[in-house]
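Visitor: Starting off with a structure, shown below.
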Amino acid sequence: MLGVAAAIATACGGGSSTGDAASSTAGPPPARLALATAPKRPGEVLVRADASPASHGPLALDGRYVARFEQAAPEDPELDFSTQTAFVASLDRKPQQEGAGSVRLFRAAARSGRRTVTLRGRFYLDVSFGDFPYAIRLTPVDRG
């Protein structure tokens, strides 16, 4: 009975497989996000997802970081993101709950964005809105 339930969950999309034959023939091609391809450096945080809303973490952060995002439209690589709804991401103390201590990272109708922030504590990296697959990278600023 347990095996049947697992097979049904997988058939209905409950599994987490990323390389099956069915997914390669149906829908748009996978998003190509340059921001997500470089190897992570020590202390870096890299998250990516195909949809929002999403919450990543908790993350222990301490110092200055360059925060960057990139989004892609697999079905239209030349899409002008300035005509789309804004990509919205923040660092929150509780998942998907902006409030005291939250840091707004991005609210931009753009393919990519960048800003420098100083962060201390535990946060959830929350993407509350975005219509496209995305990657976010937090890179520590060298203290030299």
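The chains in the structure tokens are called A, B, ... from first to last as shown; in each chain the residues are counted from 1, and the ligands are counted from 1 in the order shown.
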Which residues are close to A:His56, i.e. within 10 Å by only C-alpha atoms, leaving aside same-chain residues fewer than 4 positions away? Reply as a list in words.
Guide: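 Selected residues are Leu46, Val47, Arg48, Ala49, Leu91, Pro95, Gln96, Phe123, Tyr124, Leu125, Asp126 and Val127 of chain A.
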Visitor: Write a file of the selected residues as a short mmCIF file (atom, residue, chain, number, x, y, z; two decimals), in the first residue's frame, keeping N, CA and C atoms.
Guide:
data_model
loop_
_atom_site.label_atom_id
_atom_site.label_comp_id
_atom_site.auth_asym_id
_atom_site.auth_seq_id
_atom_site.Cartn_x
_atom_site.Cartn_y
_atom_site.Cartn_z
N LEU A 46 23.55 30.83 -2.15
CA LEU A 46 22.97 30.76 -3.49
C LEU A 46 21.68 29.98 -3.41
N VAL A 47 20.59 30.59 -3.85
CA VAL A 47 19.30 29.91 -3.92
C VAL A 47 18.74 30.07 -5.32
N ARG A 48 17.98 29.08 -5.74
CA ARG A 48 17.28 29.19 -7.01
C ARG A 48 15.99 28.41 -6.91
N ALA A 49 15.01 28.86 -7.69
CA ALA A 49 13.71 28.18 -7.72
C ALA A 49 13.04 28.49 -9.05
N LEU A 91 14.60 39.68 3.14
CA LEU A 91 15.13 38.83 4.20
C LEU A 91 14.25 39.09 5.42
N PRO A 95 9.65 32.95 8.19
CA PRO A 95 9.37 32.68 6.78
C PRO A 95 8.09 33.36 6.30
N GLN A 96 8.22 34.05 5.16
CA GLN A 96 7.10 34.72 4.49
C GLN A 96 6.35 35.69 5.40
N PHE A 123 18.00 34.83 9.11
CA PHE A 123 16.98 35.33 8.20
C PHE A 123 16.47 34.21 7.30
N TYR A 124 15.27 34.42 6.78
CA TYR A 124 14.72 33.62 5.69
C TYR A 124 14.75 34.50 4.45
N LEU A 125 15.27 33.97 3.37
CA LEU A 125 15.28 34.68 2.10
C LEU A 125 13.96 34.35 1.41
N ASP A 126 13.06 35.32 1.42
CA ASP A 126 11.71 35.12 0.91
C ASP A 126 11.52 35.83 -0.42
N VAL A 127 11.06 35.09 -1.38
CA VAL A 127 10.67 35.66 -2.68
C VAL A 127 9.15 35.63 -2.68
#
Visitor: What lies within 8 Å of A:Ile136 using only C-alpha atoms, ignoring chain neighbours under 6 positions off, as a count of residues only?
Guide: 10
Visitor: How many Å separate atom CA of A:Arg64 from atom CA of A:Ser52?
Guide: 26.0 Å
Visitor: Quick one: everything within 12 Å of A:Arg115, counting only C-alpha atoms, minus sequence neighbours fewer than 3 positions away in the same chain. Send it as a PDB file with all heavy atoms, in the first residue's frame.
Guide:
ATOM      1  N   ARG A  64      28.769  42.434   5.636  1.00  0.00           N
ATOM      2  CA  ARG A  64      28.277  43.105   4.423  1.00  0.00           C
ATOM      3  C   ARG A  64      28.255  42.100   3.280  1.00  0.00           C
ATOM      4  O   ARG A  64      29.187  41.306   3.128  1.00  0.00           O
ATOM      5  CB  ARG A  64      29.175  44.277   4.058  1.00  0.00           C
ATOM      6  CG  ARG A  64      29.016  45.450   5.006  1.00  0.00           C
ATOM      7  CD  ARG A  64      29.932  46.591   4.619  1.00  0.00           C
ATOM      8  NE  ARG A  64      29.984  46.785   3.173  1.00  0.00           N
ATOM      9  CZ  ARG A  64      29.522  47.859   2.529  1.00  0.00           C
ATOM     10  NH1 ARG A  64      29.026  48.852   3.218  1.00  0.00           N
ATOM     11  NH2 ARG A  64      29.608  47.963   1.238  1.00  0.00           N
ATOM     12  N   TYR A  65      27.191  42.182   2.484  1.00  0.00           N
ATOM     13  CA  TYR A  65      27.000  41.262   1.362  1.00  0.00           C
ATOM     14  C   TYR A  65      26.577  42.027   0.119  1.00  0.00           C
ATOM     15  O   TYR A  65      25.815  43.002   0.214  1.00  0.00           O
ATOM     16  CB  TYR A  65      25.900  40.241   1.671  1.00  0.00           C
ATOM     17  CG  TYR A  65      26.220  39.314   2.812  1.00  0.00           C
ATOM     18  CD1 TYR A  65      26.009  39.713   4.131  1.00  0.00           C
ATOM     19  CD2 TYR A  65      26.737  38.046   2.575  1.00  0.00           C
ATOM     20  CE1 TYR A  65      26.301  38.868   5.188  1.00  0.00           C
ATOM     21  CE2 TYR A  65      27.038  37.198   3.634  1.00  0.00           C
ATOM     22  CZ  TYR A  65      26.811  37.620   4.929  1.00  0.00           C
ATOM     23  OH  TYR A  65      27.100  36.788   5.979  1.00  0.00           O
ATOM     24  N   VAL A  66      27.050  41.566  -1.024  1.00  0.00           N
ATOM     25  CA  VAL A  66      26.502  42.015  -2.295  1.00  0.00           C
ATOM     26  C   VAL A  66      25.401  41.019  -2.629  1.00  0.00           C
ATOM     27  O   VAL A  66      25.656  39.814  -2.759  1.00  0.00           O
ATOM     28  CB  VAL A  66      27.571  42.050  -3.408  1.00  0.00           C
ATOM     29  CG1 VAL A  66      26.922  42.380  -4.748  1.00  0.00           C
ATOM     30  CG2 VAL A  66      28.657  43.057  -3.079  1.00  0.00           C
ATOM     31  N   ALA A  67      24.177  41.518  -2.717  1.00  0.00           N
ATOM     32  CA  ALA A  67      23.022  40.684  -3.057  1.00  0.00           C
ATOM     33  C   ALA A  67      22.705  40.902  -4.532  1.00  0.00           C
ATOM     34  O   ALA A  67      22.578  42.041  -4.978  1.00  0.00           O
ATOM     35  CB  ALA A  67      21.833  41.066  -2.186  1.00  0.00           C
ATOM     36  N   ARG A  68      22.594  39.811  -5.284  1.00  0.00           N
ATOM     37  CA  ARG A  68      22.271  39.897  -6.704  1.00  0.00           C
ATOM     38  C   ARG A  68      21.150  38.920  -7.018  1.00  0.00           C
ATOM     39  O   ARG A  68      21.069  37.848  -6.413  1.00  0.00           O
ATOM     40  CB  ARG A  68      23.489  39.547  -7.562  1.00  0.00           C
ATOM     41  CG  ARG A  68      24.630  40.527  -7.383  1.00  0.00           C
ATOM     42  CD  ARG A  68      25.869  40.093  -8.134  1.00  0.00           C
ATOM     43  NE  ARG A  68      26.435  38.931  -7.466  1.00  0.00           N
ATOM     44  CZ  ARG A  68      27.247  38.065  -8.021  1.00  0.00           C
ATOM     45  NH1 ARG A  68      27.587  38.180  -9.287  1.00  0.00           N
ATOM     46  NH2 ARG A  68      27.727  37.051  -7.334  1.00  0.00           N
ATOM     47  N   PHE A  69      20.293  39.292  -7.962  1.00  0.00           N
ATOM     48  CA  PHE A  69      19.279  38.359  -8.442  1.00  0.00           C
ATOM     49  C   PHE A  69      19.315  38.337  -9.961  1.00  0.00           C
ATOM     50  O   PHE A  69      19.770  39.274 -10.614  1.00  0.00           O
ATOM     51  CB  PHE A  69      17.877  38.718  -7.934  1.00  0.00           C
ATOM     52  CG  PHE A  69      17.154  39.746  -8.761  1.00  0.00           C
ATOM     53  CD1 PHE A  69      16.367  39.380  -9.851  1.00  0.00           C
ATOM     54  CD2 PHE A  69      17.247  41.090  -8.454  1.00  0.00           C
ATOM     55  CE1 PHE A  69      15.702  40.333 -10.609  1.00  0.00           C
ATOM     56  CE2 PHE A  69      16.591  42.055  -9.202  1.00  0.00           C
ATOM     57  CZ  PHE A  69      15.810  41.668 -10.287  1.00  0.00           C
ATOM     58  N   VAL A 103      14.488  43.034   5.828  1.00  0.00           N
ATOM     59  CA  VAL A 103      15.304  43.841   4.925  1.00  0.00           C
ATOM     60  C   VAL A 103      14.805  43.597   3.510  1.00  0.00           C
ATOM     61  O   VAL A 103      14.854  42.470   3.017  1.00  0.00           O
ATOM     62  CB  VAL A 103      16.798  43.449   5.020  1.00  0.00           C
ATOM     63  CG1 VAL A 103      17.631  44.241   4.025  1.00  0.00           C
ATOM     64  CG2 VAL A 103      17.311  43.624   6.440  1.00  0.00           C
ATOM     65  N   ARG A 104      14.303  44.639   2.874  1.00  0.00           N
ATOM     66  CA  ARG A 104      13.866  44.520   1.484  1.00  0.00           C
ATOM     67  C   ARG A 104      15.096  44.440   0.602  1.00  0.00           C
ATOM     68  O   ARG A 104      15.939  45.325   0.626  1.00  0.00           O
ATOM     69  CB  ARG A 104      13.003  45.733   1.102  1.00  0.00           C
ATOM     70  CG  ARG A 104      12.664  45.890  -0.356  1.00  0.00           C
ATOM     71  CD  ARG A 104      11.647  44.931  -0.939  1.00  0.00           C
ATOM     72  NE  ARG A 104      10.403  44.802  -0.232  1.00  0.00           N
ATOM     73  CZ  ARG A 104       9.342  45.558  -0.416  1.00  0.00           C
ATOM     74  NH1 ARG A 104       9.357  46.537  -1.281  1.00  0.00           N
ATOM     75  NH2 ARG A 104       8.257  45.334   0.278  1.00  0.00           N
ATOM     76  N   LEU A 105      15.219  43.373  -0.153  1.00  0.00           N
ATOM     77  CA  LEU A 105      16.348  43.238  -1.072  1.00  0.00           C
ATOM     78  C   LEU A 105      16.025  43.811  -2.440  1.00  0.00           C
ATOM     79  O   LEU A 105      16.756  44.639  -2.960  1.00  0.00           O
ATOM     80  CB  LEU A 105      16.746  41.760  -1.225  1.00  0.00           C
ATOM     81  CG  LEU A 105      17.458  41.120  -0.061  1.00  0.00           C
ATOM     82  CD1 LEU A 105      17.753  39.654  -0.370  1.00  0.00           C
ATOM     83  CD2 LEU A 105      18.730  41.864   0.272  1.00  0.00           C
ATOM     84  N   PHE A 106      14.921  43.344  -3.023  1.00  0.00           N
ATOM     85  CA  PHE A 106      14.604  43.754  -4.390  1.00  0.00           C
ATOM     86  C   PHE A 106      13.109  43.958  -4.574  1.00  0.00           C
ATOM     87  O   PHE A 106      12.297  43.240  -4.013  1.00  0.00           O
ATOM     88  CB  PHE A 106      15.060  42.681  -5.397  1.00  0.00           C
ATOM     89  CG  PHE A 106      16.488  42.287  -5.257  1.00  0.00           C
ATOM     90  CD1 PHE A 106      16.848  41.061  -4.733  1.00  0.00           C
ATOM     91  CD2 PHE A 106      17.500  43.162  -5.647  1.00  0.00           C
ATOM     92  CE1 PHE A 106      18.177  40.699  -4.595  1.00  0.00           C
ATOM     93  CE2 PHE A 106      18.830  42.809  -5.518  1.00  0.00           C
ATOM     94  CZ  PHE A 106      19.167  41.575  -4.991  1.00  0.00           C
ATOM     95  N   ARG A 107      12.780  44.953  -5.349  1.00  0.00           N
ATOM     96  CA  ARG A 107      11.452  45.162  -5.925  1.00  0.00           C
ATOM     97  C   ARG A 107      11.755  45.816  -7.261  1.00  0.00           C
ATOM     98  O   ARG A 107      11.874  47.036  -7.353  1.00  0.00           O
ATOM     99  CB  ARG A 107      10.572  46.059  -5.075  1.00  0.00           C
ATOM    100  CG  ARG A 107       9.196  46.302  -5.721  1.00  0.00           C
ATOM    101  CD  ARG A 107       8.309  47.245  -4.938  1.00  0.00           C
ATOM    102  NE  ARG A 107       7.745  46.672  -3.742  1.00  0.00           N
ATOM    103  CZ  ARG A 107       6.688  45.858  -3.712  1.00  0.00           C
ATOM    104  NH1 ARG A 107       6.108  45.509  -4.830  1.00  0.00           N
ATOM    105  NH2 ARG A 107       6.234  45.405  -2.572  1.00  0.00           N
ATOM    106  N   ALA A 108      11.927  44.961  -8.288  1.00  0.00           N
ATOM    107  CA  ALA A 108      12.405  45.473  -9.571  1.00  0.00           C
ATOM    108  C   ALA A 108      11.805  44.704 -10.734  1.00  0.00           C
ATOM    109  O   ALA A 108      11.798  43.469 -10.731  1.00  0.00           O
ATOM    110  CB  ALA A 108      13.930  45.377  -9.637  1.00  0.00           C
ATOM    111  N   SER A 112      17.770  41.463 -13.916  1.00  0.00           N
ATOM    112  CA  SER A 112      18.705  41.250 -12.817  1.00  0.00           C
ATOM    113  C   SER A 112      18.808  42.519 -11.981  1.00  0.00           C
ATOM    114  O   SER A 112      18.381  43.592 -12.395  1.00  0.00           O
ATOM    115  CB  SER A 112      20.077  40.858 -13.356  1.00  0.00           C
ATOM    116  OG  SER A 112      20.605  41.895 -14.144  1.00  0.00           O
ATOM    117  N   THR A 118      24.081  45.256   4.838  1.00  0.00           N
ATOM    118  CA  THR A 118      24.742  44.780   6.044  1.00  0.00           C
ATOM    119  C   THR A 118      23.719  43.982   6.834  1.00  0.00           C
ATOM    120  O   THR A 118      22.619  44.481   7.107  1.00  0.00           O
ATOM    121  CB  THR A 118      25.282  45.961   6.879  1.00  0.00           C
ATOM    122  OG1 THR A 118      26.227  46.683   6.076  1.00  0.00           O
ATOM    123  CG2 THR A 118      25.967  45.473   8.144  1.00  0.00           C
ATOM    124  N   ILE A 136      19.249  33.838  -6.630  1.00  0.00           N
ATOM    125  CA  ILE A 136      19.721  34.941  -5.785  1.00  0.00           C
ATOM    126  C   ILE A 136      21.030  34.479  -5.164  1.00  0.00           C
ATOM    127  O   ILE A 136      21.126  33.360  -4.651  1.00  0.00           O
ATOM    128  CB  ILE A 136      18.714  35.314  -4.679  1.00  0.00           C
ATOM    129  CG1 ILE A 136      17.394  35.766  -5.286  1.00  0.00           C
ATOM    130  CG2 ILE A 136      19.299  36.390  -3.760  1.00  0.00           C
ATOM    131  CD1 ILE A 136      16.293  36.007  -4.271  1.00  0.00           C
ATOM    132  N   ARG A 137      22.031  35.366  -5.209  1.00  0.00           N
ATOM    133  CA  ARG A 137      23.341  35.063  -4.632  1.00  0.00           C
ATOM    134  C   ARG A 137      23.725  36.186  -3.682  1.00  0.00           C
ATOM    135  O   ARG A 137      23.672  37.352  -4.041  1.00  0.00           O
ATOM    136  CB  ARG A 137      24.386  34.937  -5.747  1.00  0.00           C
ATOM    137  CG  ARG A 137      25.734  34.446  -5.255  1.00  0.00           C
ATOM    138  CD  ARG A 137      26.724  34.307  -6.406  1.00  0.00           C
ATOM    139  NE  ARG A 137      26.471  33.171  -7.241  1.00  0.00           N
ATOM    140  CZ  ARG A 137      27.187  32.036  -7.228  1.00  0.00           C
ATOM    141  NH1 ARG A 137      28.202  31.910  -6.405  1.00  0.00           N
ATOM    142  NH2 ARG A 137      26.899  31.058  -8.029  1.00  0.00           N
ATOM    143  N   LEU A 138      24.086  35.819  -2.444  1.00  0.00           N
ATOM    144  CA  LEU A 138      24.618  36.765  -1.462  1.00  0.00           C
ATOM    145  C   LEU A 138      26.102  36.468  -1.309  1.00  0.00           C
ATOM    146  O   LEU A 138      26.480  35.374  -0.870  1.00  0.00           O
ATOM    147  CB  LEU A 138      23.918  36.591  -0.113  1.00  0.00           C
ATOM    148  CG  LEU A 138      22.397  36.789  -0.075  1.00  0.00           C
ATOM    149  CD1 LEU A 138      21.854  36.440   1.301  1.00  0.00           C
ATOM    150  CD2 LEU A 138      22.045  38.201  -0.447  1.00  0.00           C
ATOM    151  N   THR A 139      26.940  37.438  -1.666  1.00  0.00           N
ATOM    152  CA  THR A 139      28.395  37.275  -1.623  1.00  0.00           C
ATOM    153  C   THR A 139      28.973  38.172  -0.536  1.00  0.00           C
ATOM    154  O   THR A 139      28.752  39.386  -0.571  1.00  0.00           O
ATOM    155  CB  THR A 139      29.013  37.646  -2.982  1.00  0.00           C
ATOM    156  OG1 THR A 139      28.386  36.851  -4.000  1.00  0.00           O
ATOM    157  CG2 THR A 139      30.510  37.417  -2.995  1.00  0.00           C
ATOM    158  N   VAL A 141      31.278  40.657   1.353  1.00  0.00           N
ATOM    159  CA  VAL A 141      32.232  41.685   0.913  1.00  0.00           C
ATOM    160  C   VAL A 141      33.521  41.446   1.687  1.00  0.00           C
ATOM    161  O   VAL A 141      33.488  41.296   2.914  1.00  0.00           O
ATOM    162  CB  VAL A 141      31.687  43.104   1.175  1.00  0.00           C
ATOM    163  CG1 VAL A 141      32.735  44.154   0.857  1.00  0.00           C
ATOM    164  CG2 VAL A 141      30.414  43.328   0.366  1.00  0.00           C
TER     165      VAL A 141
END
